[in-house]
file run_35.txt (compact mmCIF, C-alpha atoms and all ligand atoms)
# COMPACT_ATOMS: atom_id res chain seq x y z
CA MET N 61 3.18 0.54 -25.00
CA SER N 62 3.89 1.27 -21.35
CA GLY N 63 2.43 -1.11 -18.76
CA LEU N 64 -0.09 -0.09 -16.11
CA PHE N 65 1.13 0.79 -12.64
CA ILE N 66 -1.39 -0.47 -10.07
CA VAL N 67 -0.96 -0.07 -6.31
CA PHE N 68 -2.74 -1.81 -3.43
CA GLU N 69 -2.98 -0.08 -0.06
CA GLY N 70 -4.72 -0.80 3.23
CA ILE N 71 -4.29 -1.31 6.96
CA ASP N 72 -2.74 -4.52 8.32
CA GLY N 73 -5.09 -7.44 7.65
CA SER N 74 -6.96 -5.72 4.82
CA GLY N 75 -6.07 -8.53 2.40
CA LYS N 76 -3.85 -6.64 -0.08
CA THR N 77 -1.23 -9.34 -0.40
CA GLY N 78 -3.67 -12.15 -1.23
CA LEU N 79 -5.60 -9.87 -3.56
CA CYS N 80 -2.42 -8.89 -5.45
CA LYS N 81 -1.70 -12.56 -5.99
CA ARG N 82 -5.21 -13.29 -7.31
CA VAL N 83 -5.18 -10.22 -9.59
CA HIS N 84 -1.81 -11.38 -10.90
CA GLU N 85 -3.21 -14.84 -11.66
CA ALA N 86 -6.31 -13.42 -13.38
CA LEU N 87 -4.39 -10.93 -15.56
CA THR N 88 -1.78 -13.54 -16.48
CA ALA N 89 -4.58 -15.92 -17.54
CA GLU N 90 -5.91 -13.12 -19.76
CA GLY N 91 -2.51 -12.96 -21.47
CA ARG N 92 -1.11 -9.80 -19.84
CA THR N 93 2.49 -9.72 -18.70
CA THR N 94 2.20 -8.80 -15.03
CA ILE N 95 4.58 -8.65 -12.10
CA VAL N 96 3.92 -8.41 -8.35
CA THR N 97 6.27 -6.39 -6.19
CA GLN N 98 6.04 -5.01 -2.65
CA GLU N 99 7.29 -2.46 -0.17
CA PRO N 100 9.24 -2.51 1.98
CA THR N 101 11.41 -4.36 -0.54
CA SER N 102 13.95 -7.01 0.36
CA ASP N 103 16.78 -4.78 -0.89
CA GLU N 104 19.41 -3.46 1.53
CA ILE N 105 17.36 -0.46 2.68
CA GLY N 106 14.04 -2.35 2.75
CA SER N 107 15.54 -5.12 4.85
CA LEU N 108 16.68 -2.59 7.44
CA ILE N 109 13.12 -1.55 8.21
CA ARG N 110 11.30 -4.86 7.72
CA LYS N 111 9.97 -6.88 10.62
CA ASP N 112 11.43 -5.90 14.00
CA GLY N 113 12.68 -2.54 12.89
CA ILE N 114 15.33 -0.39 14.51
CA PRO N 115 15.27 0.38 18.26
CA ASP N 116 14.36 3.98 19.15
CA ILE N 117 13.64 4.93 15.55
CA THR N 118 11.35 7.93 15.09
CA PRO N 119 8.50 8.29 12.59
CA ALA N 120 10.59 10.80 10.61
CA ALA N 121 13.63 8.49 10.43
CA GLU N 122 11.38 5.58 9.48
CA ALA N 123 9.75 7.68 6.77
CA LEU N 124 13.16 8.60 5.34
CA LEU N 125 14.17 4.93 5.15
CA PHE N 126 10.86 3.74 3.65
CA THR N 127 11.13 6.57 1.11
CA ALA N 128 14.77 5.78 0.28
CA ASP N 129 13.77 2.16 -0.29
CA ARG N 130 10.94 3.42 -2.54
CA ALA N 131 13.20 5.73 -4.56
CA VAL N 132 15.42 2.78 -5.50
CA HIS N 133 12.41 0.50 -6.07
CA THR N 134 10.83 3.12 -8.36
CA GLN N 135 13.73 2.84 -10.81
CA ARG N 136 12.98 -0.86 -11.17
CA ILE N 137 9.23 -0.22 -11.49
CA ALA N 138 9.89 2.36 -14.23
CA ARG N 139 11.95 -0.16 -16.20
CA TRP N 140 9.21 -2.80 -16.02
CA LEU N 141 6.58 -0.29 -17.13
CA GLU N 142 8.72 0.79 -20.06
CA GLU N 143 9.02 -2.85 -21.10
CA GLY N 144 5.20 -2.96 -21.24
CA VAL N 145 4.82 -5.01 -18.04
CA THR N 146 1.84 -4.29 -15.77
CA VAL N 147 3.15 -3.74 -12.24
CA LEU N 148 1.07 -4.70 -9.19
CA CYS N 149 2.66 -3.05 -6.17
CA ASP N 150 1.72 -4.09 -2.64
CA ARG N 151 2.11 -0.72 -0.77
CA TYR N 152 3.65 2.48 -2.15
CA PHE N 153 3.94 6.14 -1.11
CA ALA N 154 0.54 6.21 0.61
CA SER N 155 1.84 3.65 3.14
CA THR N 156 4.41 6.16 4.37
CA ALA N 157 1.91 9.01 4.25
CA ALA N 158 -0.62 6.95 6.26
CA TYR N 159 1.50 4.89 8.71
CA GLN N 160 4.20 7.42 9.56
CA SER N 161 1.63 10.23 9.70
CA ALA N 162 -0.45 8.17 12.15
CA ALA N 163 2.71 7.44 14.17
CA ALA N 164 3.22 11.20 14.49
CA GLY N 165 -0.36 11.90 15.59
CA ARG N 166 -1.48 12.90 12.07
CA ASP N 167 0.05 16.32 12.48
CA PRO N 168 -0.90 18.14 9.23
CA ALA N 169 2.53 19.76 8.73
CA PHE N 170 4.29 16.42 9.21
CA THR N 171 1.90 14.69 6.79
CA GLU N 172 2.59 17.40 4.22
CA TRP N 173 6.34 16.89 4.67
CA LEU N 174 5.89 13.15 4.08
CA LEU N 175 4.07 13.83 0.82
CA GLN N 176 6.43 16.55 -0.38
CA MET N 177 9.39 14.25 0.28
CA ASN N 178 7.75 11.38 -1.62
CA LEU N 179 6.24 13.08 -4.66
CA PRO N 180 9.56 13.92 -6.37
CA VAL N 181 10.92 10.36 -6.01
CA ILE N 182 7.86 8.32 -6.95
CA ARG N 183 6.08 7.53 -10.15
CA MET N 184 2.37 8.37 -9.83
CA PRO N 185 0.39 5.11 -10.09
CA ASP N 186 -2.27 4.77 -12.82
CA LEU N 187 -4.61 3.21 -10.29
CA THR N 188 -4.49 2.87 -6.50
CA PHE N 189 -6.88 0.61 -4.62
CA LEU N 190 -7.49 1.32 -0.95
CA LEU N 191 -8.79 -1.84 0.71
CA ASP N 192 -10.86 -0.21 3.38
CA LEU N 193 -11.53 -2.15 6.56
CA ASP N 194 -12.39 -1.57 10.21
CA ALA N 195 -9.31 -1.68 12.44
CA GLU N 196 -11.07 -4.31 14.63
CA GLU N 197 -11.73 -6.54 11.64
CA GLY N 198 -8.12 -6.14 10.46
CA GLU N 199 -6.81 -7.15 13.90
CA GLU N 200 -9.02 -10.22 13.95
CA ARG N 201 -7.71 -11.27 10.57
CA VAL N 202 -4.10 -10.74 11.64
CA ASN N 203 -4.34 -12.35 15.10
CA GLY N 204 -7.15 -14.85 14.60
CA ARG N 205 -10.69 -14.51 15.92
CA GLY N 206 -11.02 -14.00 19.64
CA ALA N 207 -7.34 -13.20 20.20
CA ALA N 208 -6.81 -10.15 22.38
CA SER N 209 -5.24 -7.20 20.59
CA ARG N 210 -3.19 -4.48 22.16
CA TYR N 211 -5.24 -1.35 22.69
CA GLU N 212 -2.47 0.91 21.30
CA GLU N 213 -2.13 -1.20 18.15
CA LEU N 214 -5.87 -1.01 17.52
CA ALA N 215 -5.90 2.75 18.11
CA TYR N 216 -2.92 3.10 15.75
CA GLN N 217 -4.58 1.10 12.94
CA ARG N 218 -7.71 3.27 13.35
CA GLU N 219 -5.59 6.38 12.79
CA VAL N 220 -3.86 4.76 9.80
CA ARG N 221 -7.28 4.06 8.29
CA LYS N 222 -8.35 7.70 8.75
CA ALA N 223 -5.11 8.90 7.16
CA TYR N 224 -5.68 6.56 4.21
CA LEU N 225 -9.21 7.87 3.69
CA ASP N 226 -7.90 11.47 3.60
CA LEU N 227 -5.28 10.42 1.01
CA ALA N 228 -7.92 8.60 -1.04
CA GLU N 229 -9.80 11.83 -1.47
CA ARG N 230 -6.71 13.85 -2.33
CA PHE N 231 -5.19 11.36 -4.79
CA ASP N 232 -8.36 9.80 -6.15
CA PHE N 233 -7.78 6.25 -4.88
CA LYS N 234 -10.50 3.67 -5.55
CA ILE N 235 -11.95 2.75 -2.17
CA ILE N 236 -12.81 -0.95 -2.03
CA ALA N 237 -14.93 -2.31 0.84
CA ALA N 238 -12.68 -5.10 2.10
CA ASP N 239 -15.19 -6.59 4.58
CA ARG N 240 -16.62 -8.83 1.86
CA GLY N 241 -15.81 -12.21 0.37
CA ARG N 242 -12.56 -12.51 -1.57
CA ASP N 243 -14.30 -13.25 -4.88
CA GLU N 244 -16.50 -10.19 -4.65
CA VAL N 245 -13.52 -7.93 -3.91
CA LEU N 246 -11.51 -9.52 -6.74
CA GLU N 247 -14.32 -9.03 -9.28
CA GLU N 248 -14.75 -5.35 -8.42
CA VAL N 249 -11.00 -4.72 -8.68
CA LEU N 250 -10.66 -6.62 -11.97
CA GLN N 251 -13.54 -4.68 -13.49
CA LEU N 252 -11.89 -1.38 -12.56
CA ILE N 253 -8.54 -2.54 -13.98
CA ARG N 254 -10.15 -3.70 -17.23
CA SER N 255 -11.83 -0.30 -17.61
CA VAL N 256 -8.40 1.35 -17.55
CA PHE N 257 -6.64 -1.05 -19.95
P1 LIG N 301 4.06 -5.51 5.00
O1 LIG N 301 5.24 -6.42 4.96
O2 LIG N 301 3.40 -5.11 3.73
O3 LIG N 301 2.99 -6.17 5.97
P2 LIG N 301 1.54 -6.63 5.57
O4 LIG N 301 1.71 -7.87 4.74
O5 LIG N 301 0.88 -6.85 6.90
O6 LIG N 301 0.92 -5.51 4.80
O7 LIG N 301 4.42 -4.16 5.74
C1 LIG N 301 5.03 -4.22 6.98
C2 LIG N 301 4.65 -3.04 7.80
O8 LIG N 301 5.35 -1.87 7.33
C3 LIG N 301 3.16 -2.71 7.75
O9 LIG N 301 2.64 -2.69 9.06
C4 LIG N 301 3.12 -1.32 7.17
C5 LIG N 301 4.48 -0.77 7.41
N1 LIG N 301 4.90 0.28 6.44
C6 LIG N 301 5.03 1.58 6.88
O10 LIG N 301 4.81 1.88 8.07
N2 LIG N 301 5.42 2.56 6.00
C7 LIG N 301 5.69 2.29 4.70
O11 LIG N 301 6.04 3.21 3.92
C8 LIG N 301 5.55 0.93 4.25
C9 LIG N 301 5.85 0.59 2.82
C10 LIG N 301 5.14 -0.05 5.15

call {"tool": "encode", "arguments": {"input": "run_35.txt", "output": "structure tokens"}}
result
Amino acid sequence: MSGLFIVFEGIDGSGKTGLCKRVHEALTAEGRTTIVTQEPTSDEIGSLIRKDGIPDITPAAEALLFTADRAVHTQRIARWLEEGVTVLCDRYFASTAAYQSAAAGRDPAFTEWLLQMNLPVIRMPDLTFLLDLDAEEGEERVNGRGAASRYEELAYQREVRKAYLDLAERFDFKIIAADRGRDEVLEEVLQLIRSVF
């Protein structure tokens, strides 16, 4: 039997990475073979775009690299799923459709290009969770309470959040209120996963 493909999305500071880890622990304890993976990957292409990035890169060039990284990653994901492993993926195609769309002013034609470029090279997840959070709250979690955040970064994360909410409607993502305690978020997510198993 093929494994489940579950994706976690959200703005910076939304808590995806920690949640993935806790979901992994919970499913493993229940006896399910589960793997956590993330994008950008640490493969050759993923490493190019991680962290400091490339000087003078454009949203389109970034999108092409993130998507190339994803196309290679998807082959690995497909193999795990065929082996019956449940795959928990921290970011997938919606990250490109949200972040690079926001970087290009959420121009509808550009957003459509991002999606049309991604859809042929991805595997559609069985379940996508959007950890929805205020940009201000996300910044506080990333920088620590009281730390000043750059106005442009905050404005950018706000646009990323809007782009994510549009995608959630189009692709039927499960929107999870991420401004709650970790245990509450984990329980809601686990219940939804169990209902799909
Ligand atoms: P990541 O390492 O997941 O950071 P975090 O742990 O904060 O989520 O992602 C690094 C950054 O890369 C993050 O700000 C989102 C961005 N990103 C894109 O802009 N497009 C993409 O397609 C992906 C996968 C990530």

call {"tool": "closest_residue", "arguments": {"input": "run_35.txt", "among": "N:Glu200, N:Asp112, N:Glu143, N:Asp129", "to": "N:Ile95", "atoms": "all atoms listed in the file"}}
result
N:Glu143

call {"tool": "axis_aligned_box", "arguments": {"input": "run_35.txt", "around": "ligand LIG 301 (chain N)", "padding_each_side": "3 Å", "output": "lines of an AutoDock Vina configuration file"}}
result
center_x = 3.5
center_y = -2.3
center_z = 5.9
size_x = 11.2
size_y = 17.1
size_z = 12.2

call {"tool": "residues_around", "arguments": {"input": "run_35.txt", "residues": "N:Asp150", "least_positions_apart": "3", "cutoff": "12 Å", "atoms": "all atoms listed in the file", "output": "number ranges by chain"}}
result
N: 65-72, 74-81, 83-84, 95-101, 130, 147, 153-155, 185, 188-191

call {"tool": "atom_distance", "arguments": {"input": "run_35.txt", "atom1": "atom CA of N:Thr171", "atom2": "atom CA of N:Ser102"}}
result
25.6 Å

call {"tool": "closest_residue", "arguments": {"input": "run_35.txt", "among": "N:Leu174, N:Ala86, N:Ala223, N:Leu250", "to": "N:Thr156", "atoms": "only C-alpha atoms"}}
result
N:Leu174

call {"tool": "atom_distance", "arguments": {"input": "run_35.txt", "atom1": "atom O6 of ligand LIG 301 (chain N)", "atom2": "atom CA of N:Arg254"}}
result
24.7 Å

call {"tool": "residues_near_point", "arguments": {"input": "run_35.txt", "point": "(6.1, -5.0, -15.2)", "cutoff": "7 Å", "atoms": "only C-alpha atoms", "output": "number ranges by chain"}}
result
N: 63, 93-95, 137, 140-141, 143-147

call {"tool": "atom_distance", "arguments": {"input": "run_35.txt", "atom1": "atom CA of N:Asp103", "atom2": "atom CA of N:Phe170"}}
result
26.6 Å

call {"tool": "residues_near_point", "arguments": {"input": "run_35.txt", "point": "(-9.0, -6.8, 9.8)", "cutoff": "12 Å", "atoms": "all atoms listed in the file", "output": "PyMOL selection string"}}
result
chain N and resi 70-76+191-205+209+214+217-218+221+237-240
